[in-house]
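Pasting target_9.cif here (mmCIF, C-alpha atoms):
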```cif
data_target
#
loop_
_atom_site.label_atom_id
_atom_site.label_comp_id
_atom_site.auth_asym_id
_atom_site.auth_seq_id
_atom_site.Cartn_x
_atom_site.Cartn_y
_atom_site.Cartn_z
CA MET A 37 44.50 -13.95 -36.25
CA THR A 38 46.34 -11.84 -33.75
CA ASN A 39 45.37 -8.23 -33.32
CA GLU A 40 48.31 -6.93 -35.37
CA GLU A 41 47.46 -9.24 -38.25
CA LEU A 42 43.85 -8.16 -38.00
CA LYS A 43 44.84 -4.53 -38.11
CA SER A 44 47.01 -4.91 -41.21
CA LYS A 45 44.46 -7.04 -42.97
CA ILE A 46 41.69 -4.53 -42.33
CA GLU A 47 43.89 -1.68 -43.51
CA VAL A 48 44.34 -3.46 -46.79
CA ASP A 49 40.86 -4.87 -47.33
CA PHE A 50 38.65 -1.99 -46.23
CA LYS A 51 40.82 0.94 -47.11
CA ASN A 52 38.00 3.06 -48.46
CA ASP A 53 35.40 2.33 -45.82
CA ILE A 54 37.10 2.97 -42.52
CA GLN A 55 38.54 6.13 -41.09
CA THR A 56 41.30 4.73 -38.88
CA VAL A 57 42.35 1.45 -37.38
CA ILE A 58 44.68 1.41 -34.39
CA ILE A 59 46.00 -0.91 -31.76
CA SER A 60 45.08 0.58 -28.41
CA ALA A 61 47.22 0.63 -25.28
CA GLN A 62 45.36 -2.44 -24.07
CA LYS A 63 46.41 -4.28 -27.26
CA GLU A 64 42.93 -4.21 -28.83
CA ALA A 65 42.21 -3.49 -32.47
CA ILE A 66 39.85 -0.50 -32.75
CA VAL A 67 38.30 0.55 -36.04
CA THR A 68 36.74 4.00 -36.40
CA VAL A 69 34.22 4.20 -39.21
CA SER A 70 32.04 6.95 -40.62
CA PRO A 71 28.27 6.54 -40.33
CA GLU A 72 27.70 5.94 -44.06
CA HIS A 73 29.88 2.84 -44.22
CA TYR A 74 28.97 1.48 -40.79
CA VAL A 75 26.43 -1.19 -41.69
CA ALA A 76 28.19 -2.29 -44.88
CA LEU A 77 31.45 -2.78 -43.01
CA CYS A 78 29.78 -4.79 -40.28
CA GLN A 79 28.00 -6.95 -42.84
CA LYS A 80 31.28 -7.79 -44.54
CA LEU A 81 33.01 -8.46 -41.26
CA CYS A 82 30.27 -10.86 -40.30
CA GLU A 83 30.16 -12.85 -43.50
CA GLU A 84 33.66 -13.07 -44.92
CA LYS A 85 35.49 -16.29 -44.19
CA GLU A 86 38.70 -14.88 -42.76
CA TYR A 87 36.98 -12.56 -40.33
CA PHE A 88 33.72 -14.35 -39.49
CA PHE A 89 32.66 -12.15 -36.59
CA ASN A 90 29.46 -13.96 -35.80
CA HIS A 91 28.91 -12.63 -32.27
CA LEU A 92 28.16 -9.08 -31.17
CA SER A 93 29.30 -9.13 -27.54
CA SER A 94 28.35 -5.63 -26.59
CA LEU A 95 27.10 -2.34 -27.96
CA THR A 96 27.36 0.75 -25.78
CA ALA A 97 27.94 4.45 -26.13
CA VAL A 98 30.20 7.14 -24.69
CA ASP A 99 29.13 10.71 -24.24
CA PHE A 100 31.59 13.50 -25.12
CA PRO A 101 29.80 16.78 -24.39
CA LYS A 102 32.86 18.96 -25.05
CA GLU A 103 33.47 17.50 -28.52
CA ASN A 104 29.71 17.50 -29.07
CA LYS A 105 29.42 13.86 -30.06
CA ILE A 106 28.21 10.51 -28.78
CA THR A 107 30.35 7.55 -29.84
CA VAL A 108 28.64 4.18 -30.29
CA VAL A 109 31.11 1.39 -29.50
CA SER A 110 30.46 -2.20 -30.51
CA HIS A 111 32.58 -5.25 -29.70
CA LEU A 112 32.65 -8.17 -32.11
CA TRP A 113 33.86 -11.71 -31.41
CA SER A 114 34.44 -14.61 -33.72
CA TYR A 115 33.64 -18.09 -32.46
CA LYS A 116 35.47 -19.63 -35.38
CA HIS A 117 38.79 -17.81 -35.31
CA PHE A 118 38.64 -16.54 -31.70
CA HIS A 119 39.57 -12.97 -32.42
CA GLN A 120 37.99 -9.76 -31.25
CA LEU A 121 37.42 -6.36 -32.80
CA THR A 122 36.09 -3.00 -31.61
CA ILE A 123 34.16 -0.66 -33.91
CA LYS A 124 33.45 2.97 -33.11
CA VAL A 125 31.12 5.34 -34.91
CA ASP A 126 30.35 8.94 -34.00
CA ALA A 127 26.98 10.60 -33.81
CA ASP A 128 26.18 14.27 -33.47
CA ARG A 129 25.10 15.00 -29.90
CA SER A 130 22.23 17.31 -30.61
CA ASN A 131 20.40 14.81 -32.80
CA PRO A 132 22.09 11.42 -32.54
CA LYS A 133 21.11 8.97 -35.27
CA VAL A 134 22.95 5.78 -36.14
CA ALA A 135 22.00 2.90 -38.41
CA THR A 136 20.94 -0.30 -36.68
CA LEU A 137 22.91 -3.54 -36.61
CA GLU A 138 19.86 -5.61 -35.83
CA ASN A 139 19.66 -7.25 -39.26
CA ILE A 140 23.17 -8.63 -38.95
CA TRP A 141 23.28 -9.69 -35.29
CA LYS A 142 20.01 -10.20 -33.45
CA SER A 143 21.59 -9.42 -30.09
CA ALA A 144 21.85 -5.79 -31.17
CA ASN A 145 18.12 -5.46 -30.51
CA TRP A 146 18.32 -5.08 -26.74
CA PHE A 147 21.73 -3.36 -26.78
CA GLU A 148 20.40 -0.61 -29.00
CA ARG A 149 17.26 -0.27 -26.91
CA GLU A 150 19.50 0.24 -23.87
CA VAL A 151 21.60 2.87 -25.64
CA PHE A 152 18.42 4.61 -26.73
CA ASP A 153 17.06 4.51 -23.18
CA LEU A 154 20.15 5.87 -21.47
CA TYR A 155 21.70 8.18 -24.10
CA GLY A 156 18.95 9.07 -26.52
CA VAL A 157 20.59 7.69 -29.66
CA VAL A 158 17.95 6.86 -32.28
CA PHE A 159 18.72 3.73 -34.31
CA GLU A 160 17.23 3.93 -37.78
CA GLY A 161 15.65 0.73 -38.99
CA HIS A 162 15.23 -0.77 -35.54
CA SER A 163 12.10 -2.84 -35.25
CA ASP A 164 11.07 -1.97 -31.70
CA LEU A 165 12.90 1.08 -30.39
CA ARG A 166 11.51 1.85 -26.93
CA ARG A 167 12.81 2.20 -23.41
CA ILE A 168 14.07 -0.94 -21.78
CA MET A 169 14.73 -0.12 -18.13
CA MET A 170 13.42 3.32 -17.27
CA PRO A 171 9.65 3.86 -17.03
CA ASP A 172 8.05 4.30 -20.42
CA ASP A 173 7.06 7.91 -19.91
CA TYR A 174 10.46 9.00 -18.61
CA LYS A 175 11.61 12.08 -20.42
CA LYS A 176 15.35 12.27 -19.78
CA PHE A 177 18.46 10.27 -20.63
CA PRO A 178 20.27 9.28 -17.45
CA LEU A 179 23.78 8.43 -18.66
CA ARG A 180 24.45 11.70 -20.43
CA LYS A 181 27.01 13.82 -18.66
CA ASP A 182 24.62 16.75 -18.24
CA PHE A 183 21.86 14.72 -16.62
CA ALA A 184 20.27 16.70 -13.79
CA ASP A 185 17.38 15.09 -12.06
CA ASP A 186 15.30 17.56 -10.07
CA GLY A 187 16.51 16.43 -6.68
CA PHE A 188 15.93 12.67 -6.91
CA ILE A 189 19.65 11.98 -6.86
CA VAL A 190 21.38 12.52 -3.53
CA LYS A 191 25.07 13.31 -3.51
CA PRO A 192 27.27 12.49 -0.52
CA SER A 193 28.04 15.64 1.40
CA MET B 250 -7.21 6.34 47.15
CA GLY B 251 -3.84 4.85 47.95
CA VAL B 252 -0.32 6.16 47.71
CA GLY B 253 0.41 4.63 44.30
CA LEU B 254 -2.72 5.97 42.63
CA LYS B 255 -1.77 9.63 42.32
CA GLY B 256 -2.74 11.36 39.12
CA LEU B 257 -5.67 9.08 38.26
CA SER B 258 -9.16 10.45 38.15
CA HIS B 259 -11.98 8.92 40.11
CA LYS B 260 -13.52 7.40 37.05
CA GLU B 261 -10.32 5.74 35.97
CA ILE B 262 -9.86 4.19 39.36
CA GLU B 263 -13.39 2.84 39.26
CA LEU B 264 -12.74 1.34 35.85
CA MET B 265 -9.54 -0.27 37.03
CA GLU B 266 -11.23 -1.89 39.97
CA SER B 267 -14.39 -2.94 38.19
CA GLU B 268 -15.20 -6.49 37.31
CA SER B 269 -14.42 -6.32 33.63
CA ASN B 270 -10.82 -5.49 34.29
CA ILE B 271 -9.82 -8.04 36.88
CA PRO B 272 -6.46 -9.31 35.74
CA GLY B 273 -6.59 -12.95 34.86
CA LEU B 274 -10.35 -13.17 34.44
CA TRP B 275 -11.46 -14.43 31.06
CA THR B 276 -14.38 -12.61 29.51
CA LEU B 277 -16.05 -13.44 26.22
CA GLU B 278 -14.47 -10.41 24.58
CA LYS B 279 -11.02 -11.45 25.69
CA ALA B 280 -11.57 -15.01 24.53
CA VAL B 281 -12.68 -13.93 21.07
CA GLU B 282 -9.71 -11.59 20.78
CA PHE B 283 -7.37 -14.33 21.90
CA ILE B 284 -8.65 -16.74 19.27
CA PHE B 285 -8.46 -14.20 16.45
CA LYS B 286 -4.98 -13.12 17.38
CA TRP B 287 -3.72 -16.66 17.83
CA ALA B 288 -5.07 -17.65 14.42
CA ARG B 289 -3.66 -14.61 12.67
CA LYS B 290 -0.20 -14.64 14.09
CA ASN B 291 0.40 -18.35 13.68
CA SER B 292 -0.63 -18.51 10.04
CA LEU B 293 1.02 -15.54 8.38
CA TRP B 294 1.31 -16.52 4.73
CA PRO B 295 3.89 -14.42 2.93
CA LEU B 296 3.57 -13.11 -0.58
CA GLN B 297 6.31 -14.41 -2.83
CA PHE B 298 7.98 -11.08 -3.59
CA GLY B 299 11.73 -10.86 -4.00
CA THR B 300 13.53 -8.62 -6.43
CA ALA B 301 17.23 -8.87 -5.53
CA CYS B 302 19.77 -10.43 -3.16
CA CYS B 303 17.51 -10.28 -0.10
CA ALA B 304 15.27 -12.73 -1.91
CA ILE B 305 18.05 -15.32 -1.71
CA GLU B 306 18.17 -14.89 2.04
CA MET B 307 14.40 -15.17 2.17
CA MET B 308 14.64 -18.44 0.25
CA ALA B 309 17.31 -19.61 2.69
CA THR B 310 14.97 -18.77 5.55
CA ALA B 311 12.26 -20.85 3.92
CA ALA B 312 14.56 -23.79 3.32
CA GLY B 313 15.47 -26.59 5.68
CA ARG B 314 17.99 -25.11 8.07
CA TYR B 315 16.19 -21.93 9.14
CA ASP B 316 12.72 -23.21 8.58
CA ILE B 317 10.13 -20.46 8.48
CA ALA B 318 7.27 -22.93 8.23
CA ARG B 319 7.52 -23.70 11.92
CA PHE B 320 6.33 -20.12 12.56
CA GLY B 321 3.27 -20.60 10.42
CA ALA B 322 4.56 -19.14 7.17
CA GLU B 323 3.95 -22.46 5.54
CA VAL B 324 3.40 -21.48 1.92
CA PHE B 325 4.62 -18.48 -0.02
CA ARG B 326 1.56 -17.57 -2.05
CA PRO B 327 2.20 -16.27 -5.54
CA SER B 328 -1.10 -14.44 -5.65
CA PRO B 329 -1.56 -11.36 -3.45
CA ARG B 330 -5.20 -12.24 -2.89
CA GLN B 331 -4.22 -15.23 -0.78
CA ALA B 332 -1.37 -13.72 1.22
CA ASP B 333 -1.35 -11.58 4.30
CA LEU B 334 2.30 -10.78 4.83
CA LEU B 335 4.35 -8.84 2.30
CA ILE B 336 8.05 -9.38 2.78
CA ALA B 337 9.53 -6.73 0.50
CA ALA B 338 12.95 -8.21 -0.19
CA GLY B 339 15.24 -6.47 -2.63
CA THR B 340 15.95 -3.15 -4.28
CA ILE B 341 12.85 -1.33 -5.45
CA THR B 342 13.22 0.94 -8.47
CA GLU B 343 10.69 3.52 -9.52
CA LYS B 344 9.24 1.27 -12.18
CA MET B 345 8.85 -1.61 -9.72
CA GLY B 346 7.38 0.73 -7.12
CA TYR B 347 4.17 1.05 -9.11
CA ALA B 348 3.86 -2.73 -9.20
CA LEU B 349 4.59 -3.06 -5.47
CA LYS B 350 1.93 -0.52 -4.59
CA LYS B 351 -0.57 -2.39 -6.72
CA LEU B 352 0.32 -5.66 -5.01
CA TYR B 353 -0.06 -4.17 -1.55
CA GLU B 354 -3.45 -2.75 -2.44
CA GLN B 355 -4.59 -6.11 -3.74
CA MET B 356 -3.76 -7.92 -0.52
CA PRO B 357 -6.90 -8.30 1.63
CA LYS B 358 -6.70 -6.52 4.96
CA PRO B 359 -5.54 -7.12 7.67
CA SER B 360 -2.09 -7.39 6.14
CA TRP B 361 1.37 -6.65 7.39
CA VAL B 362 4.54 -5.49 5.65
CA ILE B 363 8.13 -6.34 6.49
CA ALA B 364 10.77 -4.11 4.88
CA MET B 365 13.69 -6.50 4.55
CA GLY B 366 17.20 -5.28 3.91
CA SER B 367 18.64 -1.80 3.70
CA CYS B 368 17.44 -1.17 0.14
CA THR B 369 13.81 -1.21 1.17
CA ILE B 370 14.44 0.69 4.39
CA ALA B 371 16.33 3.64 2.95
CA GLY B 372 17.68 2.92 -0.50
CA GLY B 373 20.64 0.87 0.72
CA PRO B 374 23.96 1.20 -1.06
CA TYR B 375 22.13 2.96 -3.89
CA TYR B 376 21.15 5.95 -1.77
CA TYR B 377 23.69 8.28 -3.38
CA ASP B 378 23.96 8.85 -7.10
CA SER B 379 21.15 6.61 -8.27
CA TYR B 380 18.62 8.01 -10.68
CA THR B 381 15.93 5.45 -10.17
CA VAL B 382 16.14 3.55 -6.88
CA VAL B 383 13.37 4.47 -4.45
CA LYS B 384 14.89 5.50 -1.16
CA GLY B 385 12.78 3.45 1.20
CA ILE B 386 9.47 1.78 0.45
CA ASP B 387 7.75 3.45 3.38
CA SER B 388 7.06 6.40 1.13
CA PHE B 389 4.28 4.49 -0.61
CA VAL B 390 3.57 1.35 1.44
CA PRO B 391 2.89 1.33 5.21
CA VAL B 392 5.65 -0.72 6.82
CA ASP B 393 5.23 -2.55 10.12
CA VAL B 394 8.67 -4.01 10.79
CA TYR B 395 12.05 -3.00 9.43
CA VAL B 396 14.69 -5.73 9.30
CA PRO B 397 18.10 -4.16 8.81
CA GLY B 398 21.00 -5.89 7.11
CA CYS B 399 22.52 -6.22 3.67
CA PRO B 400 21.24 -8.88 3.41
CA PRO B 401 19.86 -9.69 6.85
CA ARG B 402 20.71 -13.13 8.18
CA PRO B 403 17.86 -15.65 8.19
CA GLU B 404 17.78 -15.37 11.95
CA SER B 405 17.15 -11.63 11.60
CA LEU B 406 14.26 -12.22 9.25
CA ILE B 407 12.79 -14.74 11.67
CA HIS B 408 13.20 -12.16 14.42
CA GLY B 409 11.31 -9.72 12.22
CA LEU B 410 8.54 -12.26 11.76
CA MET B 411 8.33 -12.76 15.50
CA ALA B 412 8.16 -8.99 15.92
CA ILE B 413 5.13 -8.98 13.61
CA GLN B 414 3.59 -11.73 15.73
CA LYS B 415 4.15 -9.62 18.83
CA LYS B 416 2.63 -6.62 17.06
CA ILE B 417 -0.45 -8.66 16.22
CA ASP B 418 -0.71 -9.56 19.89
CA ASP B 419 -0.53 -5.96 21.02
CA GLU B 420 -3.01 -4.43 18.60
CA PRO B 421 -6.84 -4.56 18.78
CA ILE B 422 -8.27 -7.04 16.33
CA PHE B 423 -10.35 -4.54 14.40
CA ARG B 424 -7.67 -2.17 13.25
CA ARG B 425 -8.30 1.08 11.46
CA ARG B 426 -7.46 0.82 7.75
CA ARG B 427 -4.26 2.63 7.10
CA ASP B 428 -3.92 4.90 4.12
CA VAL B 429 -0.54 6.22 3.21
#
```

Represent the structure contained in this file as structure tokens.
Amino acid sequence: MTNEELKSKIEVDFKNDIQTVIISAQKEAIVTVSPEHYVALCQKLCEEKEYFFNHLSSLTAVDFPKENKITVVSHLWSYKHFHQLTIKVDADRSNPKVATLENIWKSANWFEREVFDLYGVVFEGHSDLRRIMMPDDYKKFPLRKDFADDGFIVKPS
Amino acid sequence: MGVGLKGLSHKEIELMESESNIPGLWTLEKAVEFIFKWARKNSLWPLQFGTACCAIEMMATAAGRYDIARFGAEVFRPSPRQADLLIAAGTITEKMGYALKKLYEQMPKPSWVIAMGSCTIAGGPYYYDSYTVVKGIDSFVPVDVYVPGCPPRPESLIHGLMAIQKKIDDEPIFRRRRDV
């Protein structure tokens, strides 16, 4: 399906679950969903025949300190129909908790560990949530916008 | 005594002219030193340690065209207990720094360290704005030779190896253990 067809089909099928679905300036279909319907929506998108998004390409996060939220962005791809979809869900910045997608796509395991390591987002239901690249006893979250590291980072002067 | 010997004390002049210091005369001490140094510098076995792009250049140096085996670095030992040269090739992050320090401490002394590439010398292109790259391995491992480049050409690495061989020649054979 093309992205416009995908957008109209999602608007009809999942009217009660999603918040918005738009076509971005880069011609991508982006679905914004609330945290309660996040896993159910992804499960349906993975299993239904017309969508069949059987590959989670990427799961990252964006930090918005002024709007006090961290958005978790996941990109889905279908190997059967060759279409792509982006799903965004917001989490409160002071205590970010999002449900895990590990039971649907196994590749979410390491992606969510990376988001936990660099942003601090806790994924509920994850089987092995620990740091993946920073040392295990590291206390901070490097990719947040207010990360200040006691002089280790050198800025060009 | 003569015109060219100003500034030397009497004792130093005597030592210079004594029998044990006749240039060109082989004594037992000199012969033993020569044999030890010749054996050490012509059989430097590197430890197989490469983390990033410099490791590719190290592999190229070990391959057919820029053969490092003709300098004695015949085998790259995977175990630090059997190696005496640590070629630190690649970016070292904080997490890897603990492992590198452990490896250096496990290598039996005398051992030598080459810091290959700009990441190990001073953090490289990750000097600014990186939250975890160690800015130069000489903060926790004593480095003998720095080979600059990003990555250094195989000829540069061979030049670094020859500089280590020259350093072995110039140092006494029983060296003080270095602690960082």

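This file gives the following result for the PyMOL selection byres ((chain A) within 9 of (chain B)): Met169, Met170, Pro171, Asp172, Pro178, Asp185, Phe188, Ile189, Val190, Lys191 and Pro192 of chain A.
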
Writing out the chosen residues with C-alpha atoms as a PDB file, in the coordinates of the input:
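Output (selection_1.pdb):
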```pdb
ATOM      1  CA  MET A 169      14.730  -0.120 -18.130  1.00  0.00           C
ATOM      2  CA  MET A 170      13.420   3.320 -17.270  1.00  0.00           C
ATOM      3  CA  PRO A 171       9.650   3.860 -17.030  1.00  0.00           C
ATOM      4  CA  ASP A 172       8.050   4.300 -20.420  1.00  0.00           C
ATOM      5  CA  PRO A 178      20.270   9.280 -17.450  1.00  0.00           C
ATOM      6  CA  ASP A 185      17.380  15.090 -12.060  1.00  0.00           C
ATOM      7  CA  PHE A 188      15.930  12.670  -6.910  1.00  0.00           C
ATOM      8  CA  ILE A 189      19.650  11.980  -6.860  1.00  0.00           C
ATOM      9  CA  VAL A 190      21.380  12.520  -3.530  1.00  0.00           C
ATOM     10  CA  LYS A 191      25.070  13.310  -3.510  1.00  0.00           C
ATOM     11  CA  PRO A 192      27.270  12.490  -0.520  1.00  0.00           C
TER      12      PRO A 192
END
```

message: Assuming the chain letters and numbering stay as they are in my file, what does the PyMOL selection byres ((chain B and resi 358) around 8) actually select? List them as an MDAnalysis selection string.
response: chainID B and resid 333 356:357 359:360 426

Result set of the PyMOL selection byres ((chain A and resi 177) around 6) on the coordinates above, as a count of residues only: 5

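Close to (7.5, -25.2, 3.9), meaning no more than 12 Å away when counting only C-alpha atoms, sit the residues B:Trp294, B:Pro295, B:Met308, B:Ala309, B:Thr310, B:Ala311, B:Ala312, B:Gly313, B:Arg314, B:Tyr315, B:Asp316, B:Ile317, B:Ala318, B:Arg319, B:Phe320, B:Gly321, B:Ala322, B:Glu323, B:Val324, B:Phe325, B:Arg326.
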
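A straight line drawn from CA of Val392 (chain B) to CA of Ala364 (chain B) is 6.4 Å long.
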
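With all atoms listed in the file as the atoms that count, the minimum distance from Glu84 (chain A) to the choices A:Thr136, A:Ser60, A:Ser114, A:Thr107 is reached by A:Ser114.
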
task: Tell me which protein, DNA and RNA residues are within 10 Å of Glu72 (chain A), counting all atoms listed in the file, leaving out same-chain ones fewer than 3 positions away, and put them as an MDAnalysis selection string.
output: chainID A and resid 53:54 69 75:77 125 134:135

message: Every residue with an atom at most 10 Å from (29.3, -3.6, -33.9) (file coordinates; all atoms listed in the file) is what I'm after, so could you write them as an MDAnalysis selection string?
response: chainID A and resid 74:75 77:79 81:82 89 91:96 108:113 121:125 136:138 140:141 144

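We find CA of Lys416 (chain B) and CA of Glu306 (chain B) to be spaced 23.1 Å apart.
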
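Across the model, the gap from CA of Ile363 (chain B) to CA of Thr300 (chain B) is 14.2 Å.
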
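Residues with any atom within 9 Å of Ile168 (chain A), counting only C-alpha atoms and excluding same-chain neighbours fewer than 3 positions away, are A:Trp146, A:Arg149, A:Glu150, A:Phe152, A:Asp153, A:Leu165, A:Pro171, A:Asp172.
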
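Each of A:Asp49, A:Asn90, A:Phe183, A:Asn104 was checked against Lys142 (chain A) using all atoms listed in the file; the smallest atom-to-atom distance is that of A:Asn90.
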
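Nearest-residue note for Ser405 (chain B): choosing from B:Cys303, B:Leu274, B:Ala348, B:Ile284, the minimum distance belongs to B:Cys303, counting all atoms listed in the file.
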
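Minimum atom-to-atom distances from A:Glu86, A:Glu160, A:Glu148, A:Glu47 to Val67 (chain A) were compared using all atoms listed in the file, and the lowest value belongs to A:Glu47.
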